[in-house]
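Asks: One file: input.csv (CSV, C-alpha atoms).
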```csv
chain,number,residue,atom,x,y,z
A,139,MET,CA,26.7,8.7,9.4
A,140,LEU,CA,26.2,11.1,6.5
A,141,VAL,CA,25.6,9.6,3.0
A,142,LYS,CA,26.0,12.0,0.1
A,143,ALA,CA,23.5,10.8,-2.4
A,144,VAL,CA,23.6,11.1,-6.2
A,145,CYS,CA,20.2,10.2,-7.7
A,146,GLU,CA,19.7,9.0,-11.3
A,147,TYR,CA,16.1,8.6,-12.2
A,148,ASN,CA,13.2,8.5,-14.8
A,149,ASP,CA,9.6,7.4,-14.8
A,150,GLU,CA,10.5,3.7,-14.4
A,151,GLY,CA,12.5,4.1,-11.2
A,152,CYS,CA,15.7,5.4,-9.7
A,153,ILE,CA,19.1,4.4,-8.6
A,154,VAL,CA,20.8,6.3,-5.8
A,155,TYR,CA,24.6,6.1,-5.2
A,156,ALA,CA,26.5,6.9,-2.1
A,157,GLU,CA,29.1,9.3,-3.3
A,158,ASN,CA,31.3,8.9,-0.2
A,159,PHE,CA,31.0,5.1,-0.1
A,160,PRO,CA,32.3,4.1,-3.5
A,161,GLY,CA,30.1,1.5,-5.1
A,162,ALA,CA,27.3,1.5,-2.6
A,163,PHE,CA,23.9,2.0,-4.1
A,164,VAL,CA,20.2,1.4,-3.7
A,165,ARG,CA,17.3,1.2,-6.1
A,166,GLY,CA,13.6,1.9,-5.9
A,167,ARG,CA,10.4,3.1,-7.5
A,168,ASN,CA,11.3,6.6,-6.5
A,169,TYR,CA,13.9,8.5,-4.4
A,170,LYS,CA,12.1,8.0,-1.1
A,171,ASN,CA,11.6,4.3,-1.7
A,172,ALA,CA,15.2,3.9,-2.6
A,173,VAL,CA,16.9,5.8,0.2
A,174,ALA,CA,14.9,3.9,2.8
A,175,LYS,CA,17.2,1.0,2.0
A,176,PHE,CA,20.4,2.8,2.6
A,177,SER,CA,20.9,1.7,6.3
A,178,LYS,CA,21.3,-1.9,5.3
A,179,GLU,CA,23.4,-1.0,2.3
A,180,ILE,CA,25.8,1.1,4.2
A,181,GLU,CA,26.0,-1.4,7.0
A,182,SER,CA,27.0,-4.2,4.5
A,183,TRP,CA,29.5,-1.8,2.7
A,184,LEU,CA,31.2,-0.9,6.0
A,185,ASP,CA,31.4,-4.5,7.0
A,186,TRP,CA,33.0,-5.4,3.7
A,187,ALA,CA,35.3,-2.5,3.3
A,188,ASN,CA,36.3,-1.7,6.9
A,189,GLY,CA,35.3,-4.7,9.0
A,190,GLU,CA,32.7,-2.6,10.8
A,191,ALA,CA,29.6,-4.7,11.5
A,192,LYS,CA,27.3,-1.7,12.1
A,193,PRO,CA,27.4,2.1,11.7
A,194,ASP,CA,28.0,3.8,15.0
A,195,GLU,CA,25.4,6.4,14.1
A,196,PRO,CA,22.0,6.5,12.3
A,197,VAL,CA,22.4,7.0,8.5
A,198,GLU,CA,21.5,10.4,7.3
A,199,VAL,CA,21.1,10.9,3.5
A,200,VAL,CA,21.7,14.2,1.9
A,201,LEU,CA,21.0,14.6,-1.8
A,202,VAL,CA,23.9,16.4,-3.5
A,203,GLN,CA,23.2,15.7,-7.2
A,204,GLU,CA,20.5,14.4,-9.4
A,205,LYS,CA,20.1,13.6,-13.0
A,206,GLU,CA,17.0,12.7,-15.0
A,207,ASN,CA,17.8,10.1,-17.7
A,208,PRO,CA,14.5,9.4,-19.6
A,209,GLY,CA,16.3,7.4,-22.3
A,210,LEU,CA,17.9,4.8,-20.0
A,211,LYS,CA,16.5,1.7,-18.4
A,212,ILE,CA,17.3,2.8,-14.8
A,213,CYS,CA,15.2,-0.2,-13.5
A,214,ASP,CA,17.8,-2.5,-15.1
A,215,ALA,CA,20.8,-0.4,-13.7
A,216,ASP,CA,21.4,1.3,-17.1
A,217,SER,CA,23.4,4.3,-15.9
A,218,ASP,CA,25.6,7.0,-17.3
A,219,VAL,CA,25.8,9.7,-14.6
A,220,ILE,CA,29.2,11.1,-13.6
A,221,PHE,CA,29.3,12.7,-10.2
A,222,ASP,CA,30.4,16.3,-9.9
A,223,SER,CA,33.1,15.1,-7.5
A,224,GLU,CA,34.4,12.6,-10.1
A,225,LYS,CA,35.7,15.5,-12.2
A,226,GLU,CA,38.2,16.6,-9.6
A,227,PRO,CA,41.9,15.6,-9.7
A,228,LEU,CA,43.1,12.8,-7.6
A,229,THR,CA,45.9,12.7,-5.0
A,230,ARG,CA,48.1,9.7,-4.9
A,231,GLU,CA,46.7,8.7,-1.5
A,232,GLU,CA,43.1,8.9,-2.8
A,233,TYR,CA,44.0,6.9,-5.9
A,234,ASN,CA,45.7,4.2,-3.9
A,235,LYS,CA,42.8,3.8,-1.5
A,236,LEU,CA,40.3,3.5,-4.4
A,237,LYS,CA,42.5,1.2,-6.3
A,238,VAL,CA,42.8,-1.1,-3.3
A,239,LEU,CA,39.0,-1.2,-3.0
A,240,ALA,CA,38.6,-2.0,-6.7
A,241,LEU,CA,41.1,-4.8,-6.6
A,242,ARG,CA,39.7,-6.2,-3.4
A,243,SER,CA,36.2,-6.1,-4.9
A,244,ALA,CA,37.5,-8.2,-7.8
A,245,MET,CA,39.2,-10.7,-5.5
A,246,ASP,CA,36.1,-11.0,-3.4
A,247,PHE,CA,33.9,-11.5,-6.4
A,248,GLU,CA,36.2,-14.3,-7.4
A,249,ARG,CA,35.8,-15.8,-3.9
A,250,MET,CA,32.1,-15.7,-4.0
A,251,TYR,CA,32.0,-17.2,-7.5
A,252,ASP,CA,34.3,-20.1,-6.4
A,253,SER,CA,31.9,-21.0,-3.6
A,254,VAL,CA,29.0,-21.6,-6.0
A,255,PRO,CA,28.6,-25.4,-6.4
A,256,ASP,CA,27.4,-25.4,-10.0
A,257,LYS,CA,28.4,-22.4,-12.0
A,258,ASN,CA,26.3,-23.2,-15.1
A,259,VAL,CA,22.9,-23.6,-13.5
A,260,ASN,CA,20.5,-20.7,-14.1
A,261,ILE,CA,20.2,-18.9,-10.8
A,262,VAL,CA,18.4,-15.9,-12.3
A,263,PRO,CA,15.4,-16.4,-14.7
A,264,PRO,CA,16.6,-15.8,-18.3
A,265,ARG,CA,15.3,-12.5,-19.7
A,266,GLU,CA,16.2,-9.8,-22.2
A,267,THR,CA,17.1,-6.2,-21.4
A,268,PHE,CA,18.3,-3.2,-23.3
A,269,TYR,CA,21.7,-4.8,-23.8
A,270,GLY,CA,20.5,-8.3,-24.6
A,271,LYS,CA,20.3,-11.4,-22.5
A,272,ILE,CA,21.1,-10.8,-18.8
A,273,PRO,CA,23.7,-13.1,-17.2
A,274,SER,CA,21.7,-15.8,-15.6
A,275,THR,CA,24.3,-18.3,-14.4
A,276,ALA,CA,27.2,-17.7,-12.0
A,277,LYS,CA,29.6,-18.3,-14.9
A,278,GLU,CA,27.8,-15.7,-17.1
A,279,MET,CA,27.9,-13.2,-14.2
A,280,TYR,CA,31.6,-13.8,-13.6
A,281,ASP,CA,32.5,-13.5,-17.3
A,282,HIS,CA,30.4,-10.4,-17.6
A,283,CYS,CA,32.1,-8.7,-14.7
A,284,MET,CA,35.5,-9.7,-16.0
A,285,ASN,CA,34.8,-8.6,-19.5
A,286,ILE,CA,33.7,-5.1,-18.4
A,287,THR,CA,37.4,-4.4,-17.7
A,288,GLU,CA,38.4,-3.6,-21.2
A,289,TYR,CA,35.4,-1.4,-21.8
A,290,TYR,CA,35.8,0.7,-18.6
A,291,PHE,CA,39.5,1.3,-19.0
A,292,GLY,CA,39.0,2.0,-22.7
A,293,GLU,CA,36.6,4.8,-21.9
A,294,ILE,CA,39.5,6.7,-20.3
A,295,GLY,CA,42.1,5.9,-23.0
A,296,VAL,CA,43.7,2.9,-21.4
A,297,GLU,CA,44.2,-0.2,-23.6
A,298,ALA,CA,43.4,-3.1,-21.3
A,299,GLU,CA,42.5,-6.7,-22.0
A,300,ASN,CA,40.1,-9.2,-20.4
A,301,GLY,CA,41.1,-12.4,-18.7
A,302,PRO,CA,42.3,-14.8,-17.6
A,303,ASP,CA,40.5,-13.9,-14.4
A,304,ILE,CA,38.8,-10.8,-13.0
A,305,LEU,CA,41.6,-9.9,-10.6
A,306,SER,CA,44.6,-10.2,-12.8
A,307,CYS,CA,43.0,-8.4,-15.8
A,308,ARG,CA,41.9,-5.5,-13.5
A,309,ALA,CA,45.4,-5.3,-12.0
A,310,ALA,CA,47.0,-5.3,-15.4
A,311,GLY,CA,44.7,-2.5,-16.5
A,312,PHE,CA,45.9,-0.4,-13.5
A,313,GLU,CA,49.5,-1.1,-14.4
A,314,LYS,CA,48.9,0.3,-17.9
A,315,LEU,CA,47.0,3.3,-16.5
A,316,GLU,CA,49.9,4.1,-14.2
A,317,GLN,CA,52.3,4.3,-17.1
A,318,GLN,CA,50.5,7.5,-18.1
A,319,PRO,CA,52.4,10.4,-16.4
A,320,ASP,CA,49.3,12.6,-16.0
A,321,PHE,CA,46.7,10.0,-14.9
A,322,LEU,CA,46.1,11.6,-11.5
A,323,GLU,CA,44.9,14.8,-13.2
A,324,ASN,CA,41.6,12.8,-13.8
A,325,MET,CA,40.8,14.1,-17.2
A,326,VAL,CA,37.2,13.9,-18.2
A,327,PHE,CA,36.7,11.9,-21.5
A,328,GLU,CA,33.7,11.8,-23.8
A,329,GLY,CA,33.2,8.1,-24.2
A,330,SER,CA,30.8,5.8,-26.0
A,331,TYR,CA,27.2,7.0,-26.4
A,332,ASP,CA,28.2,10.6,-25.4
A,333,GLU,CA,28.8,9.4,-21.8
A,334,GLU,CA,31.3,11.2,-19.7
A,335,TRP,CA,34.1,9.2,-18.0
A,336,SER,CA,36.9,9.9,-15.6
A,337,LEU,CA,39.3,7.8,-13.6
A,338,ARG,CA,37.4,8.5,-10.4
A,339,LYS,CA,34.2,7.2,-12.2
A,340,VAL,CA,35.9,4.1,-13.5
A,341,LEU,CA,37.2,3.3,-9.9
A,342,ARG,CA,33.7,3.7,-8.5
A,343,ARG,CA,32.0,1.8,-11.4
A,344,PHE,CA,34.2,-1.2,-11.0
A,345,ILE,CA,33.1,-1.6,-7.3
A,346,TRP,CA,29.5,-0.8,-8.2
A,347,HIS,CA,29.4,-3.2,-11.1
A,348,ASP,CA,30.9,-6.0,-9.0
A,349,ARG,CA,28.5,-5.3,-6.2
A,350,ILE,CA,25.3,-5.3,-8.3
A,351,HIS,CA,26.1,-8.7,-9.8
A,352,ALA,CA,27.5,-10.1,-6.6
A,353,LYS,CA,24.2,-9.3,-4.9
A,354,ALA,CA,22.3,-11.2,-7.5
A,355,MET,CA,24.8,-14.1,-7.4
A,356,TYR,CA,24.7,-14.4,-3.7
A,357,ARG,CA,21.0,-14.2,-3.1
A,358,ARG,CA,20.0,-16.4,-6.0
A,359,ALA,CA,22.7,-19.0,-5.4
A,360,TYR,CA,21.7,-19.2,-1.8
A,361,GLU,CA,18.2,-20.0,-2.9
A,362,ALA,CA,19.3,-22.5,-5.5
A,363,PHE,CA,21.9,-24.3,-3.4
A,364,TRP,CA,20.3,-23.9,0.1
A,365,ASP,CA,22.5,-26.5,1.7
A,366,ALA,CA,25.8,-25.0,0.3
A,367,GLU,CA,28.0,-22.4,2.0
A,368,ILE,CA,27.9,-19.5,-0.4
A,369,ASP,CA,30.8,-17.2,0.6
A,370,ASN,CA,29.0,-13.9,1.6
A,371,VAL,CA,32.3,-12.0,1.4
A,372,PHE,CA,30.5,-8.8,0.6
A,373,CYS,CA,28.4,-9.1,3.8
A,374,PHE,CA,25.1,-8.7,2.0
A,375,LYS,CA,21.9,-8.7,4.0
A,376,ARG,CA,19.4,-11.4,3.0
A,377,LYS,CA,16.0,-10.2,1.9
```
Please express what this file holds, its structure, as structure tokens.
Replies:
Amino acid sequence: MLVKAVCEYNDEGCIVYAENFPGAFVRGRNYKNAVAKFSKEIESWLDWANGEAKPDEPVEVVLVQEKENPGLKICDADSDVIFDSEKEPLTREEYNKLKVLALRSAMDFERMYDSVPDKNVNIVPPRETFYGKIPSTAKEMYDHCMNITEYYFGEIGVEAENGPDILSCRAAGFEKLEQQPDFLENMVFEGSYDEEWSLRKVLRRFIWHDRIHAKAMYRRAYEAFWDAEIDNVFCFKRK
């Protein structure tokens, strides 16, 4: 089970993405510490995406790209890396597969959110990061993940809107994208803050962004509402 790893790092830590498992990631103090967590991450990703409870083979991680980002708060998942592979054109088949995963991720995020008994209770301790107050309630996490739709699509020249729910606004964004006759060419855009974006990157970032907040929602909600059935639709492993 080969994982093609893309590492983004600085002195405060690193985040490592699985290039060939869109949205899968691990974090750690350094590369070695992070990749040691990939077995559980890939196991849960496969269980979610393909219904495979466990990889048939041991996970082997191969570093294919790395980027040092001294100005970003990597420890808080501040990220701007674009994979080399995310600059390549898309086939219709590739696009359809990634789109299905991105829409499924939105639908599953909604399912998990719906299972949280009280959506306005702080399940993550309130604190400030580089972008302000982090989402600390299930409602704030949900709204944050939904509201990222307009931003991500906007970075590749698609005028999308947020709301009324995470699935419908993401689906509407894809409909507007597909009205562009050359969208599969996967043009690379220079977006906000000099960050490079492409359609491939947006597709991966949707899944990753859902996943990073769904992990927090699931683990913290499970602790806060220990007698409730939090829908672990992403198949996360409890710490």
Asks: I'd like the neighbourhood of stretch 230-237 of chain A as a PyMOL selection string, where a residue qualifies if any of its atoms comes within 12 Å (using all atoms listed in the file), though same-chain residues fewer than 4 positions away should be ignored.
Replies: chain A and resi 158-161+187-188+224+226+241-244+305+308-309+311-313+315-316+320-324+337-345
Asks: Would you mind listing what lies within 12 Å of A:Lys257 as a ChimeraX atom specification, with only C-alpha atoms counted and same-chain residues fewer than 5 positions away left out?
Replies: /A:250-252,262,273-281,355,358-359,362-363,368
Asks: Using all atoms listed in the file, which residues sit within 6 Å of A:Asn300 once same-chain residues fewer than 4 positions away are excluded, as a PyMOL selection string?
Replies: chain A and resi 285+288+307
Asks: Restricting the calculation to only C-alpha atoms: of A:Val254, A:Val173, A:Cys283, A:Ile304, which residue gets closest to A:Ile153?
Replies: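 Distance minimum relative to A:Ile153 lands on A:Val173.
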Asks: Looking at A:Ala240, A:Ala215, A:Val371, A:Val164, which one is nearest to A:Val199, with distances taken over only C-alpha atoms?
Replies: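 Of the candidates, the smallest distance to A:Val199 is held by A:Val164.
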Asks: Just to confirm, what's the straight-line distance from atom CA of A:Tyr155 to atom CA of A:Glu195 in Å (one decimal)?
Replies: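 So the two atoms, atom CA of A:Tyr155 and atom CA of A:Glu195, lie 19.3 Å apart.
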Asks: Please output stretch 277-293 of chain A, rebuilt to include N, CA and C atoms, as a PDB file, in the coordinates of the input.
Replies:
```pdb
ATOM      1  N   LYS A 277      28.522 -18.446 -13.887  1.00  0.00           N
ATOM      2  CA  LYS A 277      29.600 -18.300 -14.900  1.00  0.00           C
ATOM      3  C   LYS A 277      29.370 -17.110 -15.774  1.00  0.00           C
ATOM      4  N   GLU A 278      28.139 -16.908 -16.211  1.00  0.00           N
ATOM      5  CA  GLU A 278      27.800 -15.700 -17.100  1.00  0.00           C
ATOM      6  C   GLU A 278      28.037 -14.445 -16.293  1.00  0.00           C
ATOM      7  N   MET A 279      27.652 -14.416 -15.019  1.00  0.00           N
ATOM      8  CA  MET A 279      27.900 -13.200 -14.200  1.00  0.00           C
ATOM      9  C   MET A 279      29.344 -12.918 -14.041  1.00  0.00           C
ATOM     10  N   TYR A 280      30.108 -13.969 -13.779  1.00  0.00           N
ATOM     11  CA  TYR A 280      31.600 -13.800 -13.600  1.00  0.00           C
ATOM     12  C   TYR A 280      32.195 -13.278 -14.886  1.00  0.00           C
ATOM     13  N   ASP A 281      31.887 -13.922 -16.000  1.00  0.00           N
ATOM     14  CA  ASP A 281      32.500 -13.500 -17.300  1.00  0.00           C
ATOM     15  C   ASP A 281      32.086 -12.077 -17.616  1.00  0.00           C
ATOM     16  N   HIS A 282      30.840 -11.724 -17.353  1.00  0.00           N
ATOM     17  CA  HIS A 282      30.400 -10.400 -17.600  1.00  0.00           C
ATOM     18  C   HIS A 282      31.141  -9.340 -16.826  1.00  0.00           C
ATOM     19  N   CYS A 283      31.336  -9.602 -15.537  1.00  0.00           N
ATOM     20  CA  CYS A 283      32.100  -8.700 -14.700  1.00  0.00           C
ATOM     21  C   CYS A 283      33.547  -8.578 -15.082  1.00  0.00           C
ATOM     22  N   MET A 284      34.114  -9.694 -15.494  1.00  0.00           N
ATOM     23  CA  MET A 284      35.500  -9.700 -16.000  1.00  0.00           C
ATOM     24  C   MET A 284      35.617  -8.916 -17.272  1.00  0.00           C
ATOM     25  N   ASN A 285      34.685  -9.150 -18.183  1.00  0.00           N
ATOM     26  CA  ASN A 285      34.800  -8.600 -19.500  1.00  0.00           C
ATOM     27  C   ASN A 285      34.502  -7.089 -19.571  1.00  0.00           C
ATOM     28  N   ILE A 286      33.988  -6.531 -18.477  1.00  0.00           N
ATOM     29  CA  ILE A 286      33.700  -5.100 -18.400  1.00  0.00           C
ATOM     30  C   ILE A 286      35.042  -4.316 -18.287  1.00  0.00           C
ATOM     31  N   THR A 287      36.132  -5.009 -17.918  1.00  0.00           N
ATOM     32  CA  THR A 287      37.400  -4.400 -17.700  1.00  0.00           C
ATOM     33  C   THR A 287      37.901  -3.568 -18.879  1.00  0.00           C
ATOM     34  N   GLU A 288      37.939  -4.229 -20.021  1.00  0.00           N
ATOM     35  CA  GLU A 288      38.400  -3.600 -21.200  1.00  0.00           C
ATOM     36  C   GLU A 288      37.596  -2.360 -21.587  1.00  0.00           C
ATOM     37  N   TYR A 289      36.279  -2.481 -21.420  1.00  0.00           N
ATOM     38  CA  TYR A 289      35.400  -1.400 -21.800  1.00  0.00           C
ATOM     39  C   TYR A 289      35.595  -0.175 -20.851  1.00  0.00           C
ATOM     40  N   TYR A 290      35.608  -0.390 -19.539  1.00  0.00           N
ATOM     41  CA  TYR A 290      35.800   0.700 -18.600  1.00  0.00           C
ATOM     42  C   TYR A 290      37.102   1.435 -18.805  1.00  0.00           C
ATOM     43  N   PHE A 291      38.187   0.682 -18.847  1.00  0.00           N
ATOM     44  CA  PHE A 291      39.500   1.300 -19.000  1.00  0.00           C
ATOM     45  C   PHE A 291      39.562   2.004 -20.404  1.00  0.00           C
ATOM     46  N   GLY A 292      38.963   1.400 -21.411  1.00  0.00           N
ATOM     47  CA  GLY A 292      39.000   2.000 -22.700  1.00  0.00           C
ATOM     48  C   GLY A 292      38.312   3.347 -22.798  1.00  0.00           C
ATOM     49  N   GLU A 293      37.318   3.552 -21.951  1.00  0.00           N
ATOM     50  CA  GLU A 293      36.600   4.800 -21.900  1.00  0.00           C
ATOM     51  C   GLU A 293      37.479   5.977 -21.446  1.00  0.00           C
TER      52      GLU A 293
END
```
